[in-house]
>>> print(open('final30.pdb').read())   # PDB, C-alpha atoms
ATOM      1  CA  MET A 178     167.459 -18.386 -11.359  1.00  0.00           C
ATOM      2  CA  ASN A 179     170.607 -19.996 -12.672  1.00  0.00           C
ATOM      3  CA  PRO A 180     173.241 -18.396 -14.977  1.00  0.00           C
ATOM      4  CA  GLU A 181     171.756 -19.964 -18.137  1.00  0.00           C
ATOM      5  CA  GLU A 182     168.319 -18.529 -17.317  1.00  0.00           C
ATOM      6  CA  ALA A 183     169.900 -15.167 -16.485  1.00  0.00           C
ATOM      7  CA  ALA A 184     171.636 -15.177 -19.896  1.00  0.00           C
ATOM      8  CA  ARG A 185     168.284 -15.862 -21.607  1.00  0.00           C
ATOM      9  CA  LEU A 186     166.661 -13.062 -19.625  1.00  0.00           C
ATOM     10  CA  LEU A 187     169.478 -10.626 -20.412  1.00  0.00           C
ATOM     11  CA  SER A 188     169.261 -11.493 -24.130  1.00  0.00           C
ATOM     12  CA  HIS A 189     165.555 -10.731 -23.983  1.00  0.00           C
ATOM     13  CA  VAL A 190     166.229  -7.438 -22.184  1.00  0.00           C
ATOM     14  CA  ALA A 191     168.897  -6.527 -24.770  1.00  0.00           C
ATOM     15  CA  SER A 192     166.319  -7.071 -27.509  1.00  0.00           C
ATOM     16  CA  LEU A 193     164.027  -4.577 -25.739  1.00  0.00           C
ATOM     17  CA  ASP A 194     166.637  -1.977 -24.842  1.00  0.00           C
ATOM     18  CA  ALA A 195     169.425  -1.030 -27.290  1.00  0.00           C
ATOM     19  CA  ARG A 196     171.457   0.402 -24.391  1.00  0.00           C
ATOM     20  CA  ILE A 197     171.868  -3.075 -22.905  1.00  0.00           C
ATOM     21  CA  PRO A 198     174.698  -5.089 -24.532  1.00  0.00           C
ATOM     22  CA  ARG A 199     174.387  -8.797 -25.183  1.00  0.00           C
ATOM     23  CA  PRO A 200     175.289 -10.549 -21.928  1.00  0.00           C
ATOM     24  CA  SER A 201     178.625 -12.147 -21.171  1.00  0.00           C
ATOM     25  CA  ALA A 202     178.890 -15.268 -19.024  1.00  0.00           C
ATOM     26  CA  GLU A 203     180.273 -13.177 -16.165  1.00  0.00           C
ATOM     27  CA  VAL A 204     177.357 -10.710 -16.279  1.00  0.00           C
ATOM     28  CA  ALA A 205     174.869 -13.598 -16.431  1.00  0.00           C
ATOM     29  CA  ARG A 206     176.488 -15.193 -13.346  1.00  0.00           C
ATOM     30  CA  SER A 207     176.298 -11.867 -11.493  1.00  0.00           C
ATOM     31  CA  TRP A 208     172.634 -11.377 -12.314  1.00  0.00           C
ATOM     32  CA  ALA A 209     171.879 -15.008 -11.400  1.00  0.00           C
ATOM     33  CA  ALA A 210     173.512 -14.488  -8.001  1.00  0.00           C
ATOM     34  CA  VAL A 211     171.210 -11.531  -7.309  1.00  0.00           C
ATOM     35  CA  LEU A 212     168.106 -13.199  -8.818  1.00  0.00           C
ATOM     36  CA  THR A 213     168.636 -16.612  -7.241  1.00  0.00           C
ATOM     37  CA  ALA A 214     165.117 -16.745  -5.727  1.00  0.00           C
ATOM     38  CA  VAL A 215     163.332 -15.217  -8.717  1.00  0.00           C
ATOM     39  CA  PRO A 216     161.945 -17.726 -11.244  1.00  0.00           C
ATOM     40  CA  LEU A 217     162.607 -16.955 -14.899  1.00  0.00           C
ATOM     41  CA  PRO A 218     158.927 -16.559 -15.917  1.00  0.00           C
ATOM     42  CA  ALA A 219     158.358 -13.988 -13.153  1.00  0.00           C
ATOM     43  CA  ALA A 220     161.533 -12.090 -14.090  1.00  0.00           C
ATOM     44  CA  TRP A 221     160.577 -12.149 -17.774  1.00  0.00           C
ATOM     45  CA  THR A 222     157.129 -10.718 -16.991  1.00  0.00           C
ATOM     46  CA  ALA A 223     158.609  -8.091 -14.665  1.00  0.00           C
ATOM     47  CA  ALA A 224     161.129  -7.040 -17.335  1.00  0.00           C
ATOM     48  CA  ASN A 225     158.354  -6.614 -19.903  1.00  0.00           C
ATOM     49  CA  GLU A 226     156.286  -4.648 -17.400  1.00  0.00           C
ATOM     50  CA  HIS A 227     159.273  -2.453 -16.525  1.00  0.00           C
ATOM     51  CA  TYR A 228     159.764  -1.451 -20.162  1.00  0.00           C
ATOM     52  CA  ARG A 229     156.030  -0.810 -20.586  1.00  0.00           C
ATOM     53  CA  ARG A 230     156.216   1.746 -17.766  1.00  0.00           C
ATOM     54  CA  SER A 231     159.750   3.124 -17.855  1.00  0.00           C
ATOM     55  CA  ARG A 232     162.539   4.241 -20.176  1.00  0.00           C
ATOM     56  CA  ASP A 233     165.167   3.512 -17.528  1.00  0.00           C
ATOM     57  CA  PRO A 234     167.554   0.595 -18.066  1.00  0.00           C
ATOM     58  CA  LEU A 235     166.512  -2.524 -16.183  1.00  0.00           C
ATOM     59  CA  ARG A 236     168.425  -3.299 -12.997  1.00  0.00           C
ATOM     60  CA  PRO A 237     168.266  -6.591 -11.058  1.00  0.00           C
ATOM     61  CA  GLU A 238     166.728  -4.952  -7.990  1.00  0.00           C
ATOM     62  CA  VAL A 239     163.686  -4.017 -10.091  1.00  0.00           C
ATOM     63  CA  LEU A 240     163.074  -7.715 -10.766  1.00  0.00           C
ATOM     64  CA  VAL A 241     163.648  -8.713  -7.135  1.00  0.00           C
ATOM     65  CA  SER A 242     161.226  -6.025  -5.980  1.00  0.00           C
ATOM     66  CA  ALA A 243     158.602  -7.148  -8.507  1.00  0.00           C
ATOM     67  CA  TRP A 244     158.998 -10.777  -7.368  1.00  0.00           C
ATOM     68  CA  ARG A 245     158.591  -9.812  -3.702  1.00  0.00           C
ATOM     69  CA  GLY A 246     155.458  -7.847  -4.567  1.00  0.00           C
ATOM     70  CA  GLN A 247     154.031 -10.773  -6.511  1.00  0.00           C
ATOM     71  CA  ARG A 248     154.708 -13.173  -3.633  1.00  0.00           C
ATOM     72  CA  HIS A 249     153.069 -10.775  -1.210  1.00  0.00           C
ATOM     73  CA  ARG A 250     149.981 -10.309  -3.416  1.00  0.00           C
ATOM     74  CA  GLU A 251     149.594 -14.033  -3.985  1.00  0.00           C
ATOM     75  CA  GLY A 252     149.869 -14.826  -0.299  1.00  0.00           C
ATOM     76  CA  GLY A 253     152.757 -17.251  -0.652  1.00  0.00           C
ATOM     77  CA  LEU A 254     151.536 -19.179  -3.686  1.00  0.00           C
ATOM     78  CA  ALA A 255     154.388 -17.728  -5.704  1.00  0.00           C
ATOM     79  CA  VAL A 256     156.815 -19.470  -3.356  1.00  0.00           C
ATOM     80  CA  LEU A 257     155.481 -22.759  -4.701  1.00  0.00           C
ATOM     81  CA  ALA A 258     156.625 -21.702  -8.171  1.00  0.00           C
ATOM     82  CA  VAL A 259     160.188 -21.276  -6.922  1.00  0.00           C
ATOM     83  CA  ASN A 260     160.089 -24.821  -5.608  1.00  0.00           C
ATOM     84  CA  ARG A 261     158.475 -25.987  -8.866  1.00  0.00           C
ATOM     85  CA  ILE A 262     155.440 -27.343  -6.982  1.00  0.00           C
ATOM     86  CA  SER A 263     151.900 -26.533  -8.042  1.00  0.00           C
ATOM     87  CA  PRO A 264     149.283 -25.626  -5.412  1.00  0.00           C
ATOM     88  CA  GLU A 265     147.471 -28.875  -6.264  1.00  0.00           C
ATOM     89  CA  GLN A 266     150.640 -30.913  -5.638  1.00  0.00           C
ATOM     90  CA  ALA A 267     151.206 -29.121  -2.320  1.00  0.00           C
ATOM     91  CA  ALA A 268     147.623 -29.774  -1.203  1.00  0.00           C
ATOM     92  CA  ALA A 269     147.854 -33.450  -2.199  1.00  0.00           C
ATOM     93  CA  ALA A 270     151.145 -33.859  -0.305  1.00  0.00           C
ATOM     94  CA  ALA A 271     149.646 -32.246   2.785  1.00  0.00           C
ATOM     95  CA  ALA A 272     146.617 -34.529   2.592  1.00  0.00           C
ATOM     96  CA  ARG A 273     148.827 -37.615   2.238  1.00  0.00           C
ATOM     97  CA  GLY A 274     150.872 -36.581   5.266  1.00  0.00           C
ATOM     98  CA  ALA A 275     147.808 -35.886   7.399  1.00  0.00           C
ATOM     99  CA  ALA A 276     146.200 -39.150   6.292  1.00  0.00           C
ATOM    100  CA  ARG A 277     149.319 -41.098   7.345  1.00  0.00           C
ATOM    101  CA  VAL A 278     149.341 -39.478  10.780  1.00  0.00           C
ATOM    102  CA  ARG A 279     145.618 -40.164  11.294  1.00  0.00           C
ATOM    103  CA  ALA A 280     146.041 -43.785  10.208  1.00  0.00           C
ATOM    104  CA  ALA A 281     149.122 -44.310  12.422  1.00  0.00           C
ATOM    105  CA  MET A 282     147.325 -42.869  15.451  1.00  0.00           C
ATOM    106  CA  GLY A 283     144.086 -44.725  14.753  1.00  0.00           C
ATOM    107  CA  TRP A 284     142.154 -41.450  14.550  1.00  0.00           C
ATOM    108  CA  ALA A 285     138.997 -41.020  12.530  1.00  0.00           C
ATOM    109  CA  ASP A 286     139.158 -39.018   9.336  1.00  0.00           C
ATOM    110  CA  ARG A 287     138.416 -35.401  10.211  1.00  0.00           C
ATOM    111  CA  THR A 288     135.817 -35.032   7.506  1.00  0.00           C
ATOM    112  CA  GLU A 289     133.900 -38.139   8.562  1.00  0.00           C
ATOM    113  CA  ALA A 290     134.119 -37.341  12.276  1.00  0.00           C
ATOM    114  CA  GLU A 291     133.159 -33.707  11.745  1.00  0.00           C
ATOM    115  CA  GLN A 292     130.206 -34.639   9.547  1.00  0.00           C
ATOM    116  CA  ALA A 293     128.999 -37.117  12.161  1.00  0.00           C
ATOM    117  CA  ALA A 294     129.419 -34.515  14.917  1.00  0.00           C
ATOM    118  CA  LEU A 295     127.457 -31.981  12.884  1.00  0.00           C
ATOM    119  CA  ASP A 296     124.451 -34.312  12.965  1.00  0.00           C
ATOM    120  CA  ARG A 297     123.790 -33.290  16.574  1.00  0.00           C
ATOM    121  CA  PRO A 298     123.237 -29.889  18.203  1.00  0.00           C
ATOM    122  CA  CYS A 299     126.147 -28.259  19.992  1.00  0.00           C
ATOM    123  CA  PRO A 300     125.740 -27.944  23.772  1.00  0.00           C
ATOM    124  CA  VAL A 301     128.357 -25.140  23.926  1.00  0.00           C
ATOM    125  CA  CYS A 302     127.190 -22.608  21.331  1.00  0.00           C
ATOM    126  CA  GLU A 303     123.725 -24.090  20.748  1.00  0.00           C
ATOM    127  CA  ALA A 304     124.298 -24.444  17.016  1.00  0.00           C
ATOM    128  CA  ALA A 305     121.534 -26.492  15.427  1.00  0.00           C
ATOM    129  CA  PRO A 306     122.296 -29.822  13.735  1.00  0.00           C
ATOM    130  CA  ARG A 307     124.019 -29.377  10.341  1.00  0.00           C
ATOM    131  CA  GLN A 308     125.184 -25.854  11.340  1.00  0.00           C
ATOM    132  CA  ARG A 309     128.807 -24.978  12.092  1.00  0.00           C
ATOM    133  CA  CYS A 310     129.783 -24.131  15.625  1.00  0.00           C
ATOM    134  CA  ARG A 311     130.357 -20.493  16.425  1.00  0.00           C
ATOM    135  CA  ARG A 312     131.918 -18.382  19.100  1.00  0.00           C
ATOM    136  CA  LEU A 313     130.924 -15.104  20.667  1.00  0.00           C
ATOM    137  CA  THR A 314     133.226 -12.211  19.785  1.00  0.00           C
ATOM    138  CA  ARG A 315     134.111  -9.272  22.044  1.00  0.00           C
ATOM    139  CA  SER A 316     131.669  -7.091  20.137  1.00  0.00           C
ATOM    140  CA  GLY A 317     128.829  -9.512  20.938  1.00  0.00           C
ATOM    141  CA  ASP A 318     128.610 -10.949  17.413  1.00  0.00           C
ATOM    142  CA  HIS A 319     128.993 -14.593  16.500  1.00  0.00           C
ATOM    143  CA  THR A 320     131.777 -15.916  14.263  1.00  0.00           C
ATOM    144  CA  ASP A 321     131.646 -19.337  12.611  1.00  0.00           C
ATOM    145  CA  LEU A 322     134.450 -21.692  13.604  1.00  0.00           C
ATOM    146  CA  ASN A 323     136.464 -23.710  11.101  1.00  0.00           C
ATOM    147  CA  GLY A 324     135.554 -26.833  13.048  1.00  0.00           C
ATOM    148  CA  VAL A 325     133.192 -27.862  15.793  1.00  0.00           C
ATOM    149  CA  HIS A 326     133.372 -27.717  19.584  1.00  0.00           C
ATOM    150  CA  ASP A 327     134.905 -30.674  21.386  1.00  0.00           C
ATOM    151  CA  SER A 328     131.623 -31.464  23.138  1.00  0.00           C
ATOM    152  CA  ARG A 329     130.045 -32.280  19.782  1.00  0.00           C
ATOM    153  CA  PHE A 330     132.885 -34.703  19.029  1.00  0.00           C
ATOM    154  CA  GLN A 331     132.665 -36.227  22.523  1.00  0.00           C
ATOM    155  CA  ALA A 332     128.957 -36.836  22.116  1.00  0.00           C
ATOM    156  CA  GLU A 333     129.588 -38.433  18.729  1.00  0.00           C
ATOM    157  CA  ALA A 334     132.486 -40.491  20.106  1.00  0.00           C
ATOM    158  CA  SER A 335     130.359 -41.837  22.952  1.00  0.00           C
ATOM    159  CA  THR A 336     127.766 -43.136  20.483  1.00  0.00           C
ATOM    160  CA  SER A 337     130.155 -44.272  17.727  1.00  0.00           C
ATOM    161  CA  GLY A 338     132.895 -45.729  19.926  1.00  0.00           C
ATOM    162  CA  ASN A 339     135.614 -43.502  18.442  1.00  0.00           C
ATOM    163  CA  ALA A 340     137.443 -42.245  21.523  1.00  0.00           C
ATOM    164  CA  HIS A 341     139.822 -40.080  19.476  1.00  0.00           C
ATOM    165  CA  ALA A 342     137.199 -38.166  17.505  1.00  0.00           C
ATOM    166  CA  GLY A 343     137.660 -34.973  19.524  1.00  0.00           C
ATOM    167  CA  ILE A 344     141.285 -34.606  18.521  1.00  0.00           C
ATOM    168  CA  PHE A 345     140.340 -32.593  15.420  1.00  0.00           C
ATOM    169  CA  VAL A 346     138.732 -29.611  17.136  1.00  0.00           C
ATOM    170  CA  ASP A 347     139.485 -26.104  15.915  1.00  0.00           C
ATOM    171  CA  HIS A 348     139.565 -23.991  19.038  1.00  0.00           C
ATOM    172  CA  PRO A 349     138.919 -20.248  18.746  1.00  0.00           C
TER     173      PRO A 349
END
>>> encode(input="final30.pdb", output="structure tokens")
Amino acid sequence: MNPEEAARLLSHVASLDARIPRPSAEVARSWAAVLTAVPLPAAWTAANEHYRRSRDPLRPEVLVSAWRGQRHREGGLAVLAVNRISPEQAAAAAARGAARVRAAMGWADRTEAEQAALDRPCPVCEAAPRQRCRRLTRSGDHTDLNGVHDSRFQAEASTSGNAHAGIFVDHP
């Protein structure tokens, strides 16, 4: 949050709480220094929520605490808001980066290679064609893997001629 946003927030808070004076530039700079990682919309929501639940004057640490809780609950997605990047933009950027690396290395696209590998049974875990590979857990249960075993890729690579197909394996 910058000082201008802090001034807007403090004006909003002053409209909710008569004990809070209209902010000066110095107070806005001080609050901005404490709330530097907190985006204005999150602080605004937290301020409203604070006054719904409490009669106490709002302090900056209440907003910081609310922002940390929101980030924790959202599993990091709130961090994208600080950087002004949507989850869709982040996913697209990651895909572009991975696609460039695959193209530069001459590797097959993971999706295509994995789909081709899934067409055959797995010699490691004995997963049937079109079923995901799995691994045996300590409790004796099976857990699906995010990818397929390397042997499935190697078998696919030997028939398709793609020697680098196995590079995309998700090991347990």
>>> axis_aligned_box(input="final30.pdb", around="segment 236-246 of chain A", padding_each_side="6 Å", output="lines of an AutoDock Vina configuration file")
center_x = 161.9
center_y = -7.0
center_z = -8.3
size_x = 25.0
size_y = 19.5
size_z = 21.3
>>> residues_around(input="final30.pdb", residues="segment 305-316 of chain A", least_positions_apart="4", cutoff="6 Å", atoms="only C-alpha atoms", output="ChimeraX atom specification")
/A:295-298,320-322,325
>>> atom_distance(input="final30.pdb", atom1="atom CA of Arg199 of chain A", atom2="atom CA of Arg245 of chain A")
26.7 Å
>>> resolve_selection(input="final30.pdb", expression="the PyMOL selection byres ((chain A and resi 220) around 10)", output="VMD selection string")
chain A and resid 178 182 to 183 186 212 215 to 219 221 to 226 237 239 to 241 243 to 244
>>> closest_residue(input="final30.pdb", among="A:Cys302, A:Glu238, A:Ala184, A:Asp233", to="Pro198 of chain A", atoms="all atoms listed in the file")
A:Ala184
>>> residues_around(input="final30.pdb", residues="Pro180 of chain A", least_positions_apart="5", cutoff="10 Å", atoms="all atoms listed in the file", output="JSON, numbers by chain")
{"A": [185, 186, 202, 203, 204, 205, 206, 207, 208, 209, 210, 212, 213]}
>>> atom_distance(input="final30.pdb", atom1="atom CA of Val190 of chain A", atom2="atom CA of Val211 of chain A")
16.2 Å
>>> atom_distance(input="final30.pdb", atom1="atom CA of Ser328 of chain A", atom2="atom CA of Ala294 of chain A")
9.0 Å
>>> closest_residue(input="final30.pdb", among="A:Ala293, A:Leu193, A:Val301, A:Ala269", to="Arg229 of chain A", atoms="only C-alpha atoms")
A:Leu193
